[in-house]
$ cat protein20.tsv   # TSV, C-alpha atoms
chain	number	residue	atom	x	y	z
A	1	LEU	CA	0.00	0.00	0.00
A	2	LEU	CA	2.85	2.36	0.78
A	3	GLN	CA	4.52	1.70	-2.58
A	4	THR	CA	1.30	1.85	-4.60
A	5	PHE	CA	-0.72	4.58	-2.88
A	6	GLY	CA	1.83	6.34	-0.71
A	7	SER	CA	-0.08	5.58	2.48
A	8	THR	CA	-0.03	3.08	5.30
A	9	ILE	CA	-2.88	1.23	7.00
A	10	SER	CA	-2.95	0.47	10.71
A	11	ASN	CA	-3.15	-3.10	11.96
A	12	SER	CA	-6.51	-2.35	13.59
A	13	THR	CA	-7.95	-1.23	10.23
A	14	ILE	CA	-6.71	-4.38	8.54
A	15	TYR	CA	-8.26	-6.44	11.33
A	16	GLU	CA	-11.60	-4.65	10.86
A	17	TRP	CA	-11.47	-5.40	7.13
A	18	ILE	CA	-10.80	-9.09	7.81
A	19	ILE	CA	-13.76	-9.29	10.20
A	20	LYS	CA	-16.06	-7.38	7.86
A	21	PHE	CA	-15.36	-9.37	4.70
A	22	SER	CA	-15.20	-12.68	6.55
A	23	LYS	CA	-18.72	-12.06	7.86
A	24	MET	CA	-19.92	-11.22	4.35
A	25	ALA	CA	-18.42	-14.43	2.96
A	26	VAL	CA	-19.86	-16.61	5.72
A	27	THR	CA	-23.34	-15.08	5.33
A	28	ALA	CA	-23.29	-15.69	1.57
A	29	GLU	CA	-22.05	-19.26	2.01
A	30	HIS	CA	-24.85	-20.09	4.46
A	31	LEU	CA	-27.41	-18.75	2.01
A	32	TYR	CA	-26.12	-20.52	-1.11
A	33	SER	CA	-25.01	-23.84	0.38
A	34	LYS	CA	-28.27	-24.43	2.21
A	35	ARG	CA	-30.27	-23.43	-0.84
A	36	GLN	CA	-28.38	-26.00	-2.93
A	37	THR	CA	-28.38	-28.87	-0.44
A	38	ARG	CA	-28.01	-31.98	-2.56
A	39	LYS	CA	-26.82	-35.57	-2.85
A	40	MET	CA	-23.14	-34.99	-3.55
A	41	SER	CA	-22.34	-38.61	-4.34
A	42	GLY	CA	-25.46	-39.28	-6.36
A	43	LEU	CA	-23.61	-40.83	-9.30
A	44	LEU	CA	-21.62	-43.29	-7.20
A	45	GLY	CA	-24.40	-45.79	-6.55
A	46	HIS	CA	-24.14	-45.50	-2.75
A	47	GLY	CA	-24.42	-42.92	-0.01
A	48	PRO	CA	-21.59	-40.41	0.35
A	49	PHE	CA	-18.44	-41.35	2.21
A	50	TRP	CA	-17.56	-38.88	4.94
A	51	ILE	CA	-14.30	-38.56	6.79
A	52	THR	CA	-13.84	-36.66	10.03
A	53	ASN	CA	-11.13	-35.17	12.16
A	54	GLU	CA	-11.09	-33.17	15.37
A	55	THR	CA	-8.57	-30.53	16.42
A	56	VAL	CA	-7.97	-29.45	20.01
A	57	LEU	CA	-6.99	-25.84	20.69
A	58	GLN	CA	-6.62	-23.73	23.81
A	59	ILE	CA	-8.76	-20.60	23.71
A	60	GLU	CA	-9.76	-18.51	26.71
A	61	GLU	CA	-7.56	-20.82	28.81
A	62	GLU	CA	-9.64	-23.90	28.09
A	63	ASN	CA	-9.77	-26.63	25.47
A	64	VAL	CA	-11.90	-25.99	22.39
A	65	PHE	CA	-12.66	-28.67	19.80
A	66	ILE	CA	-13.09	-28.20	16.05
A	67	TRP	CA	-14.91	-31.04	14.26
A	68	ASP	CA	-14.18	-31.14	10.52
A	69	VAL	CA	-16.38	-33.35	8.34
A	70	MET	CA	-15.50	-33.81	4.67
A	71	ASP	CA	-17.13	-35.53	1.70
A	72	THR	CA	-14.36	-37.76	0.30
A	73	TRP	CA	-15.61	-37.71	-3.30
A	74	SER	CA	-15.75	-33.93	-3.78
A	75	ARG	CA	-13.34	-32.96	-0.94
A	76	PHE	CA	-16.09	-30.50	0.05
A	77	LEU	CA	-15.75	-29.49	3.69
A	78	LEU	CA	-19.26	-30.04	5.04
A	79	THR	CA	-18.69	-28.40	8.40
A	80	SER	CA	-16.06	-27.07	10.76
A	81	TYR	CA	-17.98	-27.12	14.02
A	82	VAL	CA	-16.61	-25.57	17.22
A	83	THR	CA	-17.51	-26.90	20.67
A	84	ARG	CA	-16.26	-26.47	24.21
A	85	THR	CA	-16.66	-30.17	25.07
A	86	ARG	CA	-16.05	-33.49	23.32
A	87	THR	CA	-19.22	-35.46	24.02
A	88	ALA	CA	-21.43	-37.66	21.87
A	89	LYS	CA	-23.96	-34.81	21.72
A	90	ASP	CA	-21.26	-32.50	20.35
A	91	ILE	CA	-20.46	-35.04	17.65
A	92	LYS	CA	-24.16	-35.37	16.80
A	93	SER	CA	-24.40	-31.58	16.49
A	94	ALA	CA	-21.38	-31.54	14.18
A	95	PHE	CA	-22.98	-34.14	11.89
A	96	ASN	CA	-26.28	-32.25	11.96
A	97	SER	CA	-24.34	-29.19	10.79
A	98	ALA	CA	-22.79	-31.27	7.99
A	99	MET	CA	-26.26	-32.41	6.87
A	100	GLU	CA	-27.20	-28.78	6.22
A	101	ARG	CA	-24.84	-28.91	3.22
A	102	ASN	CA	-25.60	-32.48	2.13
A	103	SER	CA	-29.12	-33.87	2.08
A	104	GLU	CA	-28.17	-37.56	2.00
A	105	ILE	CA	-27.30	-39.70	5.02
A	106	PRO	CA	-23.70	-40.91	4.58
A	107	GLY	CA	-23.16	-44.51	3.58
A	108	LEU	CA	-19.84	-44.62	5.42
A	109	ILE	CA	-18.17	-42.46	8.05
A	110	ILE	CA	-14.44	-42.84	8.71
A	111	THR	CA	-13.12	-41.56	12.04
A	112	ASN	CA	-10.19	-42.03	14.35
A	113	ARG	CA	-10.52	-44.28	17.39
A	114	LEU	CA	-12.10	-41.75	19.73
A	115	ARG	CA	-14.75	-43.84	21.49
A	116	THR	CA	-17.30	-41.03	21.59
A	117	TYR	CA	-17.67	-41.16	17.79
A	118	THR	CA	-19.62	-44.42	17.94
A	119	GLU	CA	-22.29	-43.00	20.24
A	120	GLY	CA	-22.39	-39.65	18.41
A	121	ILE	CA	-22.94	-41.30	15.03
A	122	GLU	CA	-25.65	-43.51	16.55
A	123	LEU	CA	-27.39	-40.41	17.91
A	124	ALA	CA	-27.18	-38.65	14.54
A	125	PHE	CA	-28.00	-41.46	12.11
A	126	GLY	CA	-29.08	-44.53	14.06
A	127	SER	CA	-27.96	-47.63	12.19
A	128	ASP	CA	-28.22	-46.00	8.75
A	129	ALA	CA	-24.53	-45.03	8.48
A	130	MET	CA	-21.68	-47.54	8.53
A	131	HIS	CA	-18.88	-46.46	10.87
A	132	VAL	CA	-15.23	-47.41	10.43
A	133	GLN	CA	-12.61	-46.38	12.98
A	134	THR	CA	-8.98	-46.34	11.93
A	135	THR	CA	-5.58	-45.30	13.17
A	136	GLY	CA	-5.33	-43.29	9.95
A	137	ASN	CA	-3.29	-45.62	7.75
A	138	ILE	CA	-5.68	-46.03	4.82
A	139	HIS	CA	-2.96	-45.44	2.22
A	140	PRO	CA	0.53	-47.04	2.06
A	141	LYS	CA	2.30	-43.66	1.80
A	142	ALA	CA	0.14	-41.38	3.95
A	143	ASN	CA	-2.65	-41.49	6.52
A	144	TYR	CA	-6.06	-39.94	6.01
A	145	ILE	CA	-5.20	-36.89	8.11
A	146	ASP	CA	-2.48	-35.97	5.61
A	147	ILE	CA	-4.53	-36.86	2.53
A	148	PHE	CA	-7.77	-35.06	3.38
A	149	PHE	CA	-7.01	-32.59	6.16
A	150	GLY	CA	-3.45	-31.52	5.38
A	151	PRO	CA	-4.64	-28.18	3.88
A	152	LEU	CA	-6.27	-27.29	7.22
A	153	ARG	CA	-2.92	-27.04	8.99
A	154	LYS	CA	-2.50	-23.39	8.01
A	155	ARG	CA	-5.92	-22.62	9.45
A	156	ASN	CA	-5.06	-24.38	12.69
A	157	LYS	CA	-1.77	-22.50	12.95
A	158	THR	CA	-3.67	-19.20	12.74
A	159	LEU	CA	-6.23	-20.35	15.29
A	160	ARG	CA	-3.55	-21.03	17.89
A	161	SER	CA	-3.05	-17.28	18.25
A	162	ILE	CA	-6.77	-16.52	18.74
A	163	LYS	CA	-7.92	-15.42	22.20
A	164	LYS	CA	-11.73	-15.46	21.88
A	165	ILE	CA	-14.00	-18.31	20.84
A	166	GLU	CA	-16.20	-15.91	18.83
A	167	SER	CA	-13.17	-14.99	16.72
A	168	ALA	CA	-12.29	-18.67	16.33
A	169	ASN	CA	-15.79	-19.41	15.03
A	170	LEU	CA	-15.53	-16.63	12.45
A	171	ILE	CA	-12.09	-17.74	11.24
A	172	VAL	CA	-13.17	-21.38	11.03
A	173	ASN	CA	-16.24	-20.52	8.95
A	174	SER	CA	-14.50	-18.01	6.69
A	175	TRP	CA	-11.73	-20.55	6.08
A	176	LEU	CA	-14.41	-23.06	5.10
A	177	VAL	CA	-15.54	-20.58	2.43
A	178	TYR	CA	-11.97	-20.17	1.19
A	179	TYR	CA	-11.32	-23.91	1.12
A	180	ASN	CA	-14.60	-24.91	-0.57
A	181	PHE	CA	-15.03	-22.07	-3.07
A	182	PHE	CA	-11.70	-20.34	-3.75
A	183	ARG	CA	-8.83	-22.77	-3.21
A	184	PRO	CA	-7.77	-25.28	-5.92
A	185	ASN	CA	-7.47	-28.76	-4.45
A	186	ILE	CA	-4.49	-30.86	-5.51
A	187	GLY	CA	-6.42	-34.05	-4.71
A	188	LEU	CA	-9.01	-33.01	-7.33
A	189	GLY	CA	-6.46	-32.12	-10.01
A	190	ASN	CA	-6.58	-28.47	-8.88
A	191	ALA	CA	-10.36	-28.28	-9.24
A	192	ILE	CA	-12.41	-26.37	-6.65
A	193	PRO	CA	-14.33	-28.63	-4.20
A	194	ALA	CA	-17.56	-26.65	-4.73
A	195	HIS	CA	-17.31	-27.18	-8.50
A	196	LYS	CA	-16.89	-30.92	-7.95
A	197	ALA	CA	-19.90	-30.93	-5.62
A	198	GLY	CA	-21.99	-28.94	-8.11
A	199	ILE	CA	-22.57	-26.03	-5.71
A	200	GLU	CA	-22.64	-22.54	-7.21
A	201	PHE	CA	-21.36	-19.45	-5.41
A	202	PRO	CA	-21.48	-15.81	-6.57
A	203	TYR	CA	-17.83	-15.13	-5.70
A	204	ARG	CA	-14.66	-16.72	-7.09
A	205	THR	CA	-12.10	-14.88	-4.96
A	206	TRP	CA	-11.88	-12.69	-1.87
A	207	LEU	CA	-11.45	-9.74	-4.25
A	208	ASP	CA	-14.95	-10.39	-5.62
A	209	ILE	CA	-16.35	-9.95	-2.11
A	210	VAL	CA	-14.43	-6.71	-1.55
A	211	GLU	CA	-15.49	-5.30	-4.92
A	212	LYS	CA	-19.14	-6.11	-4.27
A	213	GLU	CA	-19.02	-3.97	-1.14
A	214	TYR	CA	-17.54	-0.93	-2.88
A	215	MET	CA	-19.07	-1.06	-6.35
$ encode --input "protein20.tsv" --output "structure tokens"
Amino acid sequence: LLQTFGSTISNSTIYEWIIKFSKMAVTAEHLYSKRQTRKMSGLLGHGPFWITNETVLQIEEENVFIWDVMDTWSRFLLTSYVTRTRTAKDIKSAFNSAMERNSEIPGLIITNRLRTYTEGIELAFGSDAMHVQTTGNIHPKANYIDIFFGPLRKRNKTLRSIKKIESANLIVNSWLVYYNFFRPNIGLGNAIPAHKAGIEFPYRTWLDIVEKEYM
């Protein structure tokens, strides 16, 4: 900014911009994703395969848990759900959040060996979803954390500096927008997960969101 416009911007102003445009992106995503709720794996001949991972962070001097649920076929991140506890009811709530972006009960859910997953999946889907627990080694050269959730490491690194859970929620949800709608995915041959899932979105980049505000 100094080189281009001959002016500087304070850190507080930049922070306000991040909050403002993140909220705009999250609001738009909620509107469009829920409107287009669909069967993402409809051409596969079975229910969608979901894969999950949880991240533990310390915010406000206590543990906070982020539940990420992803559709393996499209690599579409169905939810990044933040809770203060790690109970079966929390897991059920995370899967309920995922169902808001996918109308079909999953045929298979892959998780780690956290015991609470079994009860949480039972609460959410009864016996309709098959559940497989693994140590992560589903590929000879990498585990499922690396294959599906490796891109989330940058998000988690940012979250470790956050002090308020409200801010963590906003970052988690705005990063979901970035991951699903803006970021090419190497696992999809550099396609966008939303394109693979057949979900339309009015913005292609963060710049589109900024320009909409000021045009």
$ closest_residue --input "protein20.tsv" --among "A:His195, A:Ser167, A:Glu100, A:Gly47" --to "A:Glu16" --atoms "all atoms listed in the file"
A:Ser167
$ closest_residue --input "protein20.tsv" --among "A:Thr205, A:Ser80, A:Gln58, A:Asn180" --to "A:Lys157" --atoms "all atoms listed in the file"
A:Gln58
$ atom_distance --input "protein20.tsv" --atom1 "atom CA of A:Ser127" --atom2 "atom CA of A:Ile199"
28.6 Å
$ closest_residue --input "protein20.tsv" --among "A:Glu200, A:Glu166, A:Glu104, A:Glu211" --to "A:Ala28" --atoms "all atoms listed in the file"
A:Glu200
$ atom_distance --input "protein20.tsv" --atom1 "atom CA of A:Thr135" --atom2 "atom CA of A:Ile91"
18.6 Å
$ closest_residue --input "protein20.tsv" --among "A:Ile19, A:Leu152, A:Ile59, A:Gly126" --to "A:Leu176" --atoms "all atoms listed in the file"
A:Leu152
$ closest_residue --input "protein20.tsv" --among "A:Trp50, A:Lys164, A:Ile147, A:Ala88" --to "A:Ile109" --atoms "all atoms listed in the file"
A:Trp50
$ closest_residue --input "protein20.tsv" --among "A:Asp146, A:Ile105, A:Asp71, A:Pro202" --to "A:Asp128" --atoms "all atoms listed in the file"
A:Ile105
$ atom_distance --input "protein20.tsv" --atom1 "atom CA of A:Glu213" --atom2 "atom CA of A:Ser12"
19.4 Å
$ residues_around --input "protein20.tsv" --residues "A:Ala94" --least-positions-apart "6" --cutoff "8 Å" --atoms "only C-alpha atoms" --output "mmCIF file with C-alpha atoms, keeping the file's coordinate frame"
data_model
loop_
_atom_site.group_PDB
_atom_site.id
_atom_site.type_symbol
_atom_site.label_atom_id
_atom_site.label_comp_id
_atom_site.auth_asym_id
_atom_site.auth_seq_id
_atom_site.Cartn_x
_atom_site.Cartn_y
_atom_site.Cartn_z
ATOM 1 C CA TRP A 67 -14.910 -31.040 14.260
ATOM 2 C CA VAL A 69 -16.380 -33.350 8.340
ATOM 3 C CA THR A 79 -18.690 -28.400 8.400
ATOM 4 C CA SER A 80 -16.060 -27.070 10.760
ATOM 5 C CA TYR A 81 -17.980 -27.120 14.020
#
$ residues_around --input "protein20.tsv" --residues "A:Ala197" --least-positions-apart "3" --cutoff "8 Å" --atoms "all atoms listed in the file" --output "list in words"
Met40, Ser74, Phe76, Pro193 and Ala194 of chain A
$ residues_around --input "protein20.tsv" --residues "A:Lys20" --least-positions-apart "3" --cutoff "12 Å" --atoms "only C-alpha atoms" --output "CSV table (one decimal) with C-alpha atoms, in the coordinates of the input"
chain,number,residue,atom,x,y,z
A,13,THR,CA,-8.0,-1.2,10.2
A,14,ILE,CA,-6.7,-4.4,8.5
A,15,TYR,CA,-8.3,-6.4,11.3
A,16,GLU,CA,-11.6,-4.6,10.9
A,17,TRP,CA,-11.5,-5.4,7.1
A,23,LYS,CA,-18.7,-12.1,7.9
A,24,MET,CA,-19.9,-11.2,4.4
A,25,ALA,CA,-18.4,-14.4,3.0
A,26,VAL,CA,-19.9,-16.6,5.7
A,27,THR,CA,-23.3,-15.1,5.3
A,170,LEU,CA,-15.5,-16.6,12.4
A,171,ILE,CA,-12.1,-17.7,11.2
A,174,SER,CA,-14.5,-18.0,6.7
A,206,TRP,CA,-11.9,-12.7,-1.9
A,209,ILE,CA,-16.4,-10.0,-2.1
A,210,VAL,CA,-14.4,-6.7,-1.6
A,213,GLU,CA,-19.0,-4.0,-1.1
$ residues_near_point --input "protein20.tsv" --point "(-7.3, -29.2, 13.6)" --cutoff "9 Å" --atoms "all atoms listed in the file" --output "list of chain:residue names"
A:Asn53, A:Glu54, A:Thr55, A:Val56, A:Leu57, A:Phe65, A:Ile66, A:Trp67, A:Asp68, A:Phe149, A:Leu152, A:Arg153, A:Arg155, A:Asn156, A:Lys157
$ write_last_selection --input "protein20.tsv" --atoms "C-alpha atoms" --output "PDB file, in the coordinates of the input"
ATOM      1  CA  ASN A  53     -11.130 -35.170  12.160  1.00  0.00           C
ATOM      2  CA  GLU A  54     -11.090 -33.170  15.370  1.00  0.00           C
ATOM      3  CA  THR A  55      -8.570 -30.530  16.420  1.00  0.00           C
ATOM      4  CA  VAL A  56      -7.970 -29.450  20.010  1.00  0.00           C
ATOM      5  CA  LEU A  57      -6.990 -25.840  20.690  1.00  0.00           C
ATOM      6  CA  PHE A  65     -12.660 -28.670  19.800  1.00  0.00           C
ATOM      7  CA  ILE A  66     -13.090 -28.200  16.050  1.00  0.00           C
ATOM      8  CA  TRP A  67     -14.910 -31.040  14.260  1.00  0.00           C
ATOM      9  CA  ASP A  68     -14.180 -31.140  10.520  1.00  0.00           C
ATOM     10  CA  PHE A 149      -7.010 -32.590   6.160  1.00  0.00           C
ATOM     11  CA  LEU A 152      -6.270 -27.290   7.220  1.00  0.00           C
ATOM     12  CA  ARG A 153      -2.920 -27.040   8.990  1.00  0.00           C
ATOM     13  CA  ARG A 155      -5.920 -22.620   9.450  1.00  0.00           C
ATOM     14  CA  ASN A 156      -5.060 -24.380  12.690  1.00  0.00           C
ATOM     15  CA  LYS A 157      -1.770 -22.500  12.950  1.00  0.00           C
TER      16      LYS A 157
END
$ residues_around --input "protein20.tsv" --residues "A:Thr116" --least-positions-apart "2" --cutoff "12 Å" --atoms "all atoms listed in the file" --output "list in words"
Glu54, Thr85, Arg86, Thr87, Ala88, Lys89, Asp90, Ile91, Lys92, Thr111, Asn112, Arg113, Leu114, Thr118, Glu119, Gly120, Ile121, Glu122, Leu123 and Gln133 of chain A
